[in-house]
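Asker: Input structure: start-v5.pdb, which contains PDB, C-alpha atoms, pLDDT in the B column.
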```pdb
ATOM      1  CA  MET A   1      -2.018  52.496  20.883  1.00 60.00           C
ATOM      2  CA  ASN A   2      -0.964  49.114  19.495  1.00 64.00           C
ATOM      3  CA  PRO A   3       1.580  48.999  16.694  1.00 62.00           C
ATOM      4  CA  PRO A   4       0.219  47.691  13.412  1.00 60.00           C
ATOM      5  CA  SER A   5       0.486  43.910  13.235  1.00 58.00           C
ATOM      6  CA  LYS A   6       2.488  42.333  10.522  1.00 60.00           C
ATOM      7  CA  SER A   7       0.289  40.234   8.361  1.00 60.00           C
ATOM      8  CA  ARG A   8       1.500  36.703   8.112  1.00 63.00           C
ATOM      9  CA  LYS A   9       0.864  34.706   5.055  1.00 65.00           C
ATOM     10  CA  ARG A  10      -0.876  31.534   6.027  1.00 62.00           C
ATOM     11  CA  THR A  11       0.446  28.489   4.334  1.00 63.00           C
ATOM     12  CA  ARG A  12      -1.404  25.255   4.197  1.00 59.00           C
ATOM     13  CA  ARG A  13       0.418  22.040   4.570  1.00 58.00           C
ATOM     14  CA  LYS A  14      -0.263  19.753   1.703  1.00 55.00           C
ATOM     15  CA  THR A  15      -1.238  16.307   2.789  1.00 59.00           C
ATOM     16  CA  ARG A  16       0.331  13.652   0.678  1.00 72.00           C
ATOM     17  CA  THR A  17      -2.328  11.365  -0.624  1.00 84.00           C
ATOM     18  CA  SER A  18      -1.237   8.197  -2.313  1.00 89.00           C
ATOM     19  CA  PRO A  19      -1.956   8.034  -6.042  1.00 93.00           C
ATOM     20  CA  TYR A  20      -3.280   4.547  -5.286  1.00 94.00           C
ATOM     21  CA  ALA A  21      -5.751   5.534  -2.549  1.00 93.00           C
ATOM     22  CA  HIS A  22      -8.676   4.754  -4.849  1.00 94.00           C
ATOM     23  CA  LEU A  23      -7.621   1.081  -4.700  1.00 95.00           C
ATOM     24  CA  TRP A  24      -7.776   0.820  -0.889  1.00 93.00           C
ATOM     25  CA  PRO A  25     -11.423  -0.278  -0.547  1.00 94.00           C
ATOM     26  CA  GLU A  26     -10.799  -3.272  -2.814  1.00 94.00           C
ATOM     27  CA  LEU A  27      -7.319  -4.057  -1.459  1.00 95.00           C
ATOM     28  CA  ALA A  28      -8.707  -4.196   2.073  1.00 95.00           C
ATOM     29  CA  HIS A  29     -10.332  -7.499   0.995  1.00 95.00           C
ATOM     30  CA  MET A  30      -7.169  -9.038  -0.496  1.00 96.00           C
ATOM     31  CA  PRO A  31      -6.900 -12.762   0.382  1.00 95.00           C
ATOM     32  CA  SER A  32      -3.866 -14.158   2.209  1.00 95.00           C
ATOM     33  CA  LEU A  33      -0.935 -14.312  -0.207  1.00 96.00           C
ATOM     34  CA  ASP A  34       2.787 -14.985   0.066  1.00 96.00           C
ATOM     35  CA  HIS A  35       5.056 -12.117  -0.982  1.00 96.00           C
ATOM     36  CA  TRP A  36       8.334 -14.045  -0.644  1.00 94.00           C
ATOM     37  CA  PRO A  37       7.577 -17.748  -1.216  1.00 93.00           C
ATOM     38  CA  ASP A  38      11.228 -18.830  -1.700  1.00 91.00           C
ATOM     39  CA  ARG A  39      12.447 -17.467   1.645  1.00 90.00           C
ATOM     40  CA  PRO A  40      15.390 -17.577   2.585  1.00 92.00           C
ATOM     41  CA  ALA A  41      16.545 -17.402  -1.061  1.00 94.00           C
ATOM     42  CA  SER A  42      16.851 -13.907  -2.511  1.00 95.00           C
ATOM     43  CA  PHE A  43      13.600 -12.092  -3.268  1.00 94.00           C
ATOM     44  CA  GLU A  44      12.351 -12.317  -6.861  1.00 95.00           C
ATOM     45  CA  PRO A  45       9.348 -10.101  -7.669  1.00 95.00           C
ATOM     46  CA  GLU A  46       8.229 -12.518 -10.401  1.00 96.00           C
ATOM     47  CA  ARG A  47       7.540 -15.201  -7.748  1.00 96.00           C
ATOM     48  CA  SER A  48       5.483 -13.003  -5.406  1.00 97.00           C
ATOM     49  CA  GLN A  49       1.828 -14.013  -5.139  1.00 97.00           C
ATOM     50  CA  VAL A  50       0.979 -10.524  -3.842  1.00 97.00           C
ATOM     51  CA  LEU A  51       2.512  -8.770  -6.849  1.00 98.00           C
ATOM     52  CA  ALA A  52       0.918 -11.291  -9.240  1.00 98.00           C
ATOM     53  CA  TYR A  53      -2.457 -10.538  -7.625  1.00 97.00           C
ATOM     54  CA  LEU A  54      -1.944  -6.801  -8.170  1.00 97.00           C
ATOM     55  CA  VAL A  55      -0.742  -7.247 -11.758  1.00 97.00           C
ATOM     56  CA  GLU A  56      -3.745  -9.423 -12.647  1.00 97.00           C
ATOM     57  CA  GLY A  57      -6.281  -7.349 -10.748  1.00 95.00           C
ATOM     58  CA  TYR A  58      -5.185  -3.900 -11.869  1.00 95.00           C
ATOM     59  CA  GLY A  59      -3.444  -4.528 -15.195  1.00 96.00           C
ATOM     60  CA  CYS A  60      -0.143  -2.968 -14.141  1.00 96.00           C
ATOM     61  CA  ASP A  61       3.448  -4.118 -14.479  1.00 97.00           C
ATOM     62  CA  LEU A  62       5.563  -5.600 -11.671  1.00 97.00           C
ATOM     63  CA  ARG A  63       7.262  -2.299 -10.925  1.00 97.00           C
ATOM     64  CA  GLU A  64       4.000  -0.459 -10.383  1.00 97.00           C
ATOM     65  CA  ALA A  65       2.597  -3.427  -8.450  1.00 98.00           C
ATOM     66  CA  GLY A  66       5.559  -3.023  -6.095  1.00 97.00           C
ATOM     67  CA  ARG A  67       4.697   0.649  -5.594  1.00 97.00           C
ATOM     68  CA  ILE A  68       1.049  -0.224  -4.941  1.00 97.00           C
ATOM     69  CA  PHE A  69       2.144  -2.858  -2.402  1.00 97.00           C
ATOM     70  CA  GLN A  70       4.434  -0.424  -0.558  1.00 96.00           C
ATOM     71  CA  SER A  71       1.803   2.290  -0.516  1.00 96.00           C
ATOM     72  CA  ALA A  72      -0.928  -0.071   0.738  1.00 96.00           C
ATOM     73  CA  ARG A  73       1.409  -1.445   3.409  1.00 96.00           C
ATOM     74  CA  ASP A  74       2.378   2.043   4.582  1.00 95.00           C
ATOM     75  CA  ALA A  75      -1.282   3.116   4.673  1.00 95.00           C
ATOM     76  CA  GLY A  76      -2.235   0.067   6.755  1.00 95.00           C
ATOM     77  CA  VAL A  77      -4.603  -1.307   4.122  1.00 96.00           C
ATOM     78  CA  ILE A  78      -2.834  -4.658   4.020  1.00 97.00           C
ATOM     79  CA  ARG A  79      -1.082  -6.380   6.901  1.00 96.00           C
ATOM     80  CA  PHE A  80       1.483  -9.096   7.460  1.00 96.00           C
ATOM     81  CA  ASN A  81       0.498 -12.130   9.521  1.00 94.00           C
ATOM     82  CA  SER A  82       3.686 -13.284  11.210  1.00 93.00           C
ATOM     83  CA  ASN A  83       2.196 -16.716  12.030  1.00 93.00           C
ATOM     84  CA  THR A  84       1.414 -17.609   8.407  1.00 91.00           C
ATOM     85  CA  ARG A  85       4.077 -15.276   6.909  1.00 93.00           C
ATOM     86  CA  GLN A  86       1.498 -14.013   4.449  1.00 95.00           C
ATOM     87  CA  TRP A  87      -0.023 -10.656   3.570  1.00 96.00           C
ATOM     88  CA  CYS A  88      -3.779 -10.018   3.517  1.00 96.00           C
ATOM     89  CA  GLY A  89      -6.230  -7.161   3.427  1.00 96.00           C
ATOM     90  CA  THR A  90      -7.289  -5.681   6.743  1.00 95.00           C
ATOM     91  CA  LYS A  91     -10.859  -6.873   6.118  1.00 92.00           C
ATOM     92  CA  GLY A  92      -9.877 -10.402   5.090  1.00 78.00           C
ATOM     93  CA  GLY A  93     -10.648 -12.176   1.814  1.00 70.00           C
ATOM     94  CA  ARG A  94     -13.139 -11.202  -0.835  1.00 60.00           C
ATOM     95  CA  PRO A  95     -16.490  -9.959   0.503  1.00 53.00           C
TER      96      PRO A  95
END
```
In structure tokens, write the structure found in this file.

Answerer:
Amino acid sequence: MNPPSKSRKRTRRKTRTSPYAHLWPELAHMPSLDHWPDRPASFEPERSQVLAYLVEGYGCDLREAGRIFQSARDAGVIRFNSNTRQWCGTKGGRP
């Protein structure tokens, strides 16, 4: 006879979803913009075309625009073109 099995509590792994995921469909069509126009000078968020685009389009401040940018970059929604040194949505400019 088999010994009684110990019941194991099943735990689900929580998938981390970005709080900005609802913006991805629109950000995928972001036009080509420069994130660091004064390169090689030090980076100033106020001069970033990408952050300005996010601030104007979503009504957020520069700090949150930076978080949106990082999250979209990490999710692969926007990409960097090393030839032009600009960022754009994965589906190109506005539809």

Asker: Please expand the PyMOL selection byres ((chain A and resi 63) around 12) into the concrete residues it hits in this file, giving the result as a PyMOL selection string.

Answerer: chain A and resi 44-46+51-52+54-55+59-62+64-70

Asker: Using Å and a single decimal, report how far CA of Val50 (chain A) sits from CA of His35 (chain A).

Answerer: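 Separation between CA of His35 (chain A) and CA of Val50 (chain A): 5.2 Å.
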
Asker: Could you tell me which residues the PyMOL selection byres ((chain A and resi 20) around 8) returns for this structure, as a short mmCIF file (atom, residue, chain, number, x, y, z; two decimals) with C-alpha atoms, keeping the file's coordinate frame?

Answerer:
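Result file is selection-v9.cif:
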```cif
data_model
loop_
_atom_site.label_atom_id
_atom_site.label_comp_id
_atom_site.auth_asym_id
_atom_site.auth_seq_id
_atom_site.Cartn_x
_atom_site.Cartn_y
_atom_site.Cartn_z
CA SER A 18 -1.24 8.20 -2.31
CA PRO A 19 -1.96 8.03 -6.04
CA ALA A 21 -5.75 5.53 -2.55
CA HIS A 22 -8.68 4.75 -4.85
CA LEU A 23 -7.62 1.08 -4.70
CA TRP A 24 -7.78 0.82 -0.89
CA ILE A 68 1.05 -0.22 -4.94
CA SER A 71 1.80 2.29 -0.52
CA ALA A 72 -0.93 -0.07 0.74
#
```

Asker: In Å, rounded to a single decimal, give me how far CA of Pro31 (chain A) is from CA of Phe80 (chain A).

Answerer: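 Between these atoms lies a distance of 11.6 Å.
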
Asker: Can you give me, as a PyMOL selection string, the residues this file yields under the PyMOL selection byres ((chain A and resi 30) around 9)?

Answerer: chain A and resi 26-29+31-33+50+53+78+87-94

Asker: Give, as lines of an AutoDock Vina configuration file, the centre coordinates and the x, y and z edge lengths in Å to one decimal for an axis-aligned box around all listed atoms of region 58-74 of chain A, padded by 6 Å on each side.

Answerer:
```
center_x = 1.0
center_y = -1.7
center_z = -5.3
size_x = 24.4
size_y = 19.9
size_z = 31.8
```

Asker: For CA of Trp36 (chain A) and CA of Tyr58 (chain A), determine how far apart the two atoms are, in Å to one decimal place.

Answerer: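 Straight-line distance from CA of Trp36 (chain A) to CA of Tyr58 (chain A) works out to 20.3 Å.
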